[in-house]
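Single-structure report; data block below.
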Amino acid sequence: MWLALVAVLVAIGYGTRAAEGKPDPQVLYEWSTAVGTLVQEGILLLLVLAIAGFSTRLLALQEPYSRRRAALLIVMCFIVVIVFEAVYAHIVHVGNEQGLTPKRWEPHHAAAYVANAIVICTWVPFVEELTYRGLGYSLLERFGRWPAIIAVGLLFGLAHGLVESLPVLAFFGGVLAWIRSRTGSVYPGMILHSLFNLLALVLAVTL
């Protein structure tokens, strides 16, 4: 059931991009985007919870083995992913393929942008980590730790419906799955995921 759900997400991601192209770069300046994201991710969360049977074990909703170790892994992986993304971007020149971030800061739309940022930095990481590093990793772990990490990373990347940015997203998803395997919890991954989303949103309107 989980693989079927992810397959649908991948099909929607690539199908939407093929049919509609990039989103409007002003989309994060619209209140409807925040509301739509809340609803869309909420539906996904309900499906994931139903498939997991509301099991906190399958969702890895538990304390990490060591908070100190989890904090160190978050910092280390944050640096590793930034370096990987910077090197990849220098080689491939991906640009803003996802098309979600605006080209410039527009103060009169600040409230809507902040609302979208809150959703993207809290709600989205919460749902996506439960989907992939929570339930997904738990179901795939029986095939081996590294196969599960690689599979979860790749499926996470594919679900975004991008081509040139796929290696970065898959790498990021794999790193998050690796943290999940080392800490036994989705919470460290949620924090790291939130930090990256926040960084992207801040850089989008400051650089």
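Here, A, B, ... name the chains of the structure tokens in the order displayed, residue numbers run from 1 inside each chain, and ligands are numbered from 1 in the same displayed order.
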Within 7 Å of segment 125-131 of chain A using only C-alpha atoms, minus same-chain residues under 3 positions, as a PDB file with N, CA and C atoms, in the first residue's frame:
```
ATOM      1  N   GLU A  41      -1.262  18.160   2.109  1.00  0.00           N
ATOM      2  CA  GLU A  41      -0.405  17.377   2.994  1.00  0.00           C
ATOM      3  C   GLU A  41      -1.220  16.691   4.095  1.00  0.00           C
ATOM      4  N   LEU A  45      -1.144  12.806   4.996  1.00  0.00           N
ATOM      5  CA  LEU A  45      -0.886  12.340   6.359  1.00  0.00           C
ATOM      6  C   LEU A  45      -1.927  11.316   6.804  1.00  0.00           C
ATOM      7  N   VAL A  48      -1.170   8.026   5.169  1.00  0.00           N
ATOM      8  CA  VAL A  48       0.020   7.403   5.767  1.00  0.00           C
ATOM      9  C   VAL A  48      -0.319   6.810   7.131  1.00  0.00           C
ATOM     10  N   LEU A  59       6.033   4.566  12.424  1.00  0.00           N
ATOM     11  CA  LEU A  59       6.243   5.961  12.053  1.00  0.00           C
ATOM     12  C   LEU A  59       7.498   6.543  12.686  1.00  0.00           C
ATOM     13  N   CYS A 121       7.994  25.032   6.387  1.00  0.00           N
ATOM     14  CA  CYS A 121       9.063  24.705   7.335  1.00  0.00           C
ATOM     15  C   CYS A 121       8.579  23.899   8.545  1.00  0.00           C
ATOM     16  N   THR A 122       7.282  23.684   8.644  1.00  0.00           N
ATOM     17  CA  THR A 122       6.765  22.908   9.782  1.00  0.00           C
ATOM     18  C   THR A 122       5.893  21.736   9.313  1.00  0.00           C
ATOM     19  N   GLY A 134       9.644   7.767   8.100  1.00  0.00           N
ATOM     20  CA  GLY A 134       8.905   7.060   9.126  1.00  0.00           C
ATOM     21  C   GLY A 134       8.400   5.732   8.604  1.00  0.00           C
ATOM     22  N   LEU A 135       7.231   5.753   7.977  1.00  0.00           N
ATOM     23  CA  LEU A 135       6.614   4.528   7.477  1.00  0.00           C
ATOM     24  C   LEU A 135       7.440   3.865   6.377  1.00  0.00           C
ATOM     25  N   GLY A 136       7.894   4.650   5.408  1.00  0.00           N
ATOM     26  CA  GLY A 136       8.633   4.080   4.283  1.00  0.00           C
ATOM     27  C   GLY A 136       9.881   3.328   4.703  1.00  0.00           C
ATOM     28  N   VAL A 186      12.219   9.863  13.708  1.00  0.00           N
ATOM     29  CA  VAL A 186      12.014  10.799  12.595  1.00  0.00           C
ATOM     30  C   VAL A 186      12.224  12.251  13.032  1.00  0.00           C
ATOM     31  N   GLY A 189      15.345  14.110  11.590  1.00  0.00           N
ATOM     32  CA  GLY A 189      15.141  14.382  10.171  1.00  0.00           C
ATOM     33  C   GLY A 189      14.176  15.531   9.951  1.00  0.00           C
ATOM     34  N   MET A 190      13.145  15.622  10.782  1.00  0.00           N
ATOM     35  CA  MET A 190      12.200  16.728  10.671  1.00  0.00           C
ATOM     36  C   MET A 190      12.899  18.067  10.896  1.00  0.00           C
ATOM     37  N   HIS A 193      15.194  18.759   7.850  1.00  0.00           N
ATOM     38  CA  HIS A 193      14.335  19.078   6.708  1.00  0.00           C
ATOM     39  C   HIS A 193      13.801  20.503   6.836  1.00  0.00           C
ATOM     40  N   SER A 194      13.369  20.871   8.025  1.00  0.00           N
ATOM     41  CA  SER A 194      12.852  22.219   8.273  1.00  0.00           C
ATOM     42  C   SER A 194      13.925  23.276   8.058  1.00  0.00           C
TER      43      SER A 194
END
```
### Task
Might you pull out every residue within 12 Å of Gln40 of chain A, with only C-alpha atoms counted and same-chain residues fewer than 4 positions away left off, and present them as a VMD selection string?
chain A and resid 9 32 to 36 44 to 47 119 123 to 124 127 to 128
Could the residues in this selection be saved with N, CA and C atoms as a PDB file, in the first residue's frame?
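Listing of out_5.pdb after writing:
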```pdb
ATOM      1  N   LEU A   9       2.080   9.466  -6.020  1.00  0.00           N
ATOM      2  CA  LEU A   9       2.708  10.775  -5.800  1.00  0.00           C
ATOM      3  C   LEU A   9       3.727  11.084  -6.896  1.00  0.00           C
ATOM      4  N   SER A  32      -3.644  31.355  -0.802  1.00  0.00           N
ATOM      5  CA  SER A  32      -4.255  30.096  -1.215  1.00  0.00           C
ATOM      6  C   SER A  32      -3.235  28.962  -1.275  1.00  0.00           C
ATOM      7  N   THR A  33      -1.974  29.298  -1.514  1.00  0.00           N
ATOM      8  CA  THR A  33      -0.929  28.279  -1.559  1.00  0.00           C
ATOM      9  C   THR A  33      -0.750  27.626  -0.194  1.00  0.00           C
ATOM     10  N   ALA A  34      -0.734  28.443   0.845  1.00  0.00           N
ATOM     11  CA  ALA A  34      -0.589  27.916   2.208  1.00  0.00           C
ATOM     12  C   ALA A  34      -1.771  27.031   2.570  1.00  0.00           C
ATOM     13  N   VAL A  35      -2.976  27.480   2.244  1.00  0.00           N
ATOM     14  CA  VAL A  35      -4.172  26.701   2.557  1.00  0.00           C
ATOM     15  C   VAL A  35      -4.172  25.394   1.768  1.00  0.00           C
ATOM     16  N   GLY A  36      -3.855  25.483   0.480  1.00  0.00           N
ATOM     17  CA  GLY A  36      -3.830  24.299  -0.367  1.00  0.00           C
ATOM     18  C   GLY A  36      -2.806  23.283   0.105  1.00  0.00           C
ATOM     19  N   LEU A  44      -2.513  13.502   2.656  1.00  0.00           N
ATOM     20  CA  LEU A  44      -1.411  12.541   2.591  1.00  0.00           C
ATOM     21  C   LEU A  44      -1.132  11.954   3.968  1.00  0.00           C
ATOM     22  N   LEU A  45      -1.144  12.806   4.996  1.00  0.00           N
ATOM     23  CA  LEU A  45      -0.886  12.340   6.359  1.00  0.00           C
ATOM     24  C   LEU A  45      -1.927  11.316   6.804  1.00  0.00           C
ATOM     25  N   LEU A  46      -3.178  11.580   6.499  1.00  0.00           N
ATOM     26  CA  LEU A  46      -4.236  10.640   6.888  1.00  0.00           C
ATOM     27  C   LEU A  46      -4.048   9.290   6.214  1.00  0.00           C
ATOM     28  N   LEU A  47      -3.653   9.301   4.948  1.00  0.00           N
ATOM     29  CA  LEU A  47      -3.410   8.048   4.231  1.00  0.00           C
ATOM     30  C   LEU A  47      -2.232   7.289   4.839  1.00  0.00           C
ATOM     31  N   VAL A 119       4.232  27.075   6.881  1.00  0.00           N
ATOM     32  CA  VAL A 119       3.693  25.779   6.444  1.00  0.00           C
ATOM     33  C   VAL A 119       4.809  24.907   5.867  1.00  0.00           C
ATOM     34  N   TRP A 123       4.784  22.064   8.679  1.00  0.00           N
ATOM     35  CA  TRP A 123       3.815  21.053   8.278  1.00  0.00           C
ATOM     36  C   TRP A 123       4.360  20.099   7.214  1.00  0.00           C
ATOM     37  N   VAL A 124       4.987  20.664   6.185  1.00  0.00           N
ATOM     38  CA  VAL A 124       5.511  19.834   5.087  1.00  0.00           C
ATOM     39  C   VAL A 124       6.604  18.865   5.562  1.00  0.00           C
ATOM     40  N   VAL A 127       4.961  15.974   7.639  1.00  0.00           N
ATOM     41  CA  VAL A 127       4.246  14.969   6.851  1.00  0.00           C
ATOM     42  C   VAL A 127       5.201  14.150   5.996  1.00  0.00           C
ATOM     43  N   GLU A 128       6.156  14.812   5.331  1.00  0.00           N
ATOM     44  CA  GLU A 128       7.060  14.089   4.441  1.00  0.00           C
ATOM     45  C   GLU A 128       7.988  13.155   5.207  1.00  0.00           C
TER      46      GLU A 128
END
```
So that each row is one residue of segment 155-186 of chain A with an atom at most 10 Å from segment 13-21 of chain A, can you give its shortest atom pair and the distance in Å to one decimal, using only C-alpha atoms, rows by chain and rising number, as a tab-separated table?
```
residue	atom	partner	partner_atom	distance
A:Leu158	CA	A:Gly13	CA	7.8
A:Ala159	CA	A:Gly13	CA	5.8
A:His160	CA	A:Gly13	CA	5.6
A:Gly161	CA	A:Gly13	CA	4.1
A:Leu162	CA	A:Tyr14	CA	7.0
A:Val163	CA	A:Tyr14	CA	9.0
```
Restricting the output to C-alpha atoms, write the selected residues as a compact mmCIF listing (two decimals), in the first residue's frame.
```txt
# COMPACT_ATOMS: atom_id res chain seq x y z
CA LEU A 158 11.09 11.18 -7.66
CA ALA A 159 7.97 12.32 -5.81
CA HIS A 160 9.01 15.95 -6.44
CA GLY A 161 8.58 15.49 -10.19
CA LEU A 162 11.91 17.08 -11.16
CA VAL A 163 14.66 15.90 -13.50
```
### Message
Which residue is closest to Val81 of chain A? Choose from A:Phe172, A:Leu195, A:Tyr113, A:Gly53 and count only C-alpha atoms.
### Response
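Nearest candidate to Val81 of chain A out of A:Phe172, A:Leu195, A:Tyr113, A:Gly53: A:Phe172.
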For segment 11-64 of chain A versus segment 101-106 of chain A, which residues have an atom no more than 8 Å away, and what is each residue's nearest atom pair and distance in Å rounded to one decimal, using only C-alpha atoms, chain-then-number order, as a Markdown table?
```
| residue | atom | partner | partner_atom | distance |
| --- | --- | --- | --- | --- |
| A:Pro25 | CA | A:Pro102 | CA | 4.8 |
| A:Gln26 | CA | A:Pro102 | CA | 5.4 |
| A:Val27 | CA | A:Pro102 | CA | 7.7 |
| A:Leu28 | CA | A:Thr101 | CA | 6.9 |
```
### Message
Among segment 3-198 of chain A, which ones does DSSP assign to alpha helix (DSSP H) (computed from the backbone)? Answer as an MDAnalysis selection string.
### Response
chainID A and resid 3:20 31:52 67:92 110:118 124:128 137:140 145:158 166:183 187:198
### Query
Ile179 of chain A: which residues within 10 Å, counting only C-alpha atoms, same-chain residues fewer than 5 positions away excluded, as a PyMOL selection string?
chain A and resi 64+70+73-74+77+133+149+173-174+184-189+192
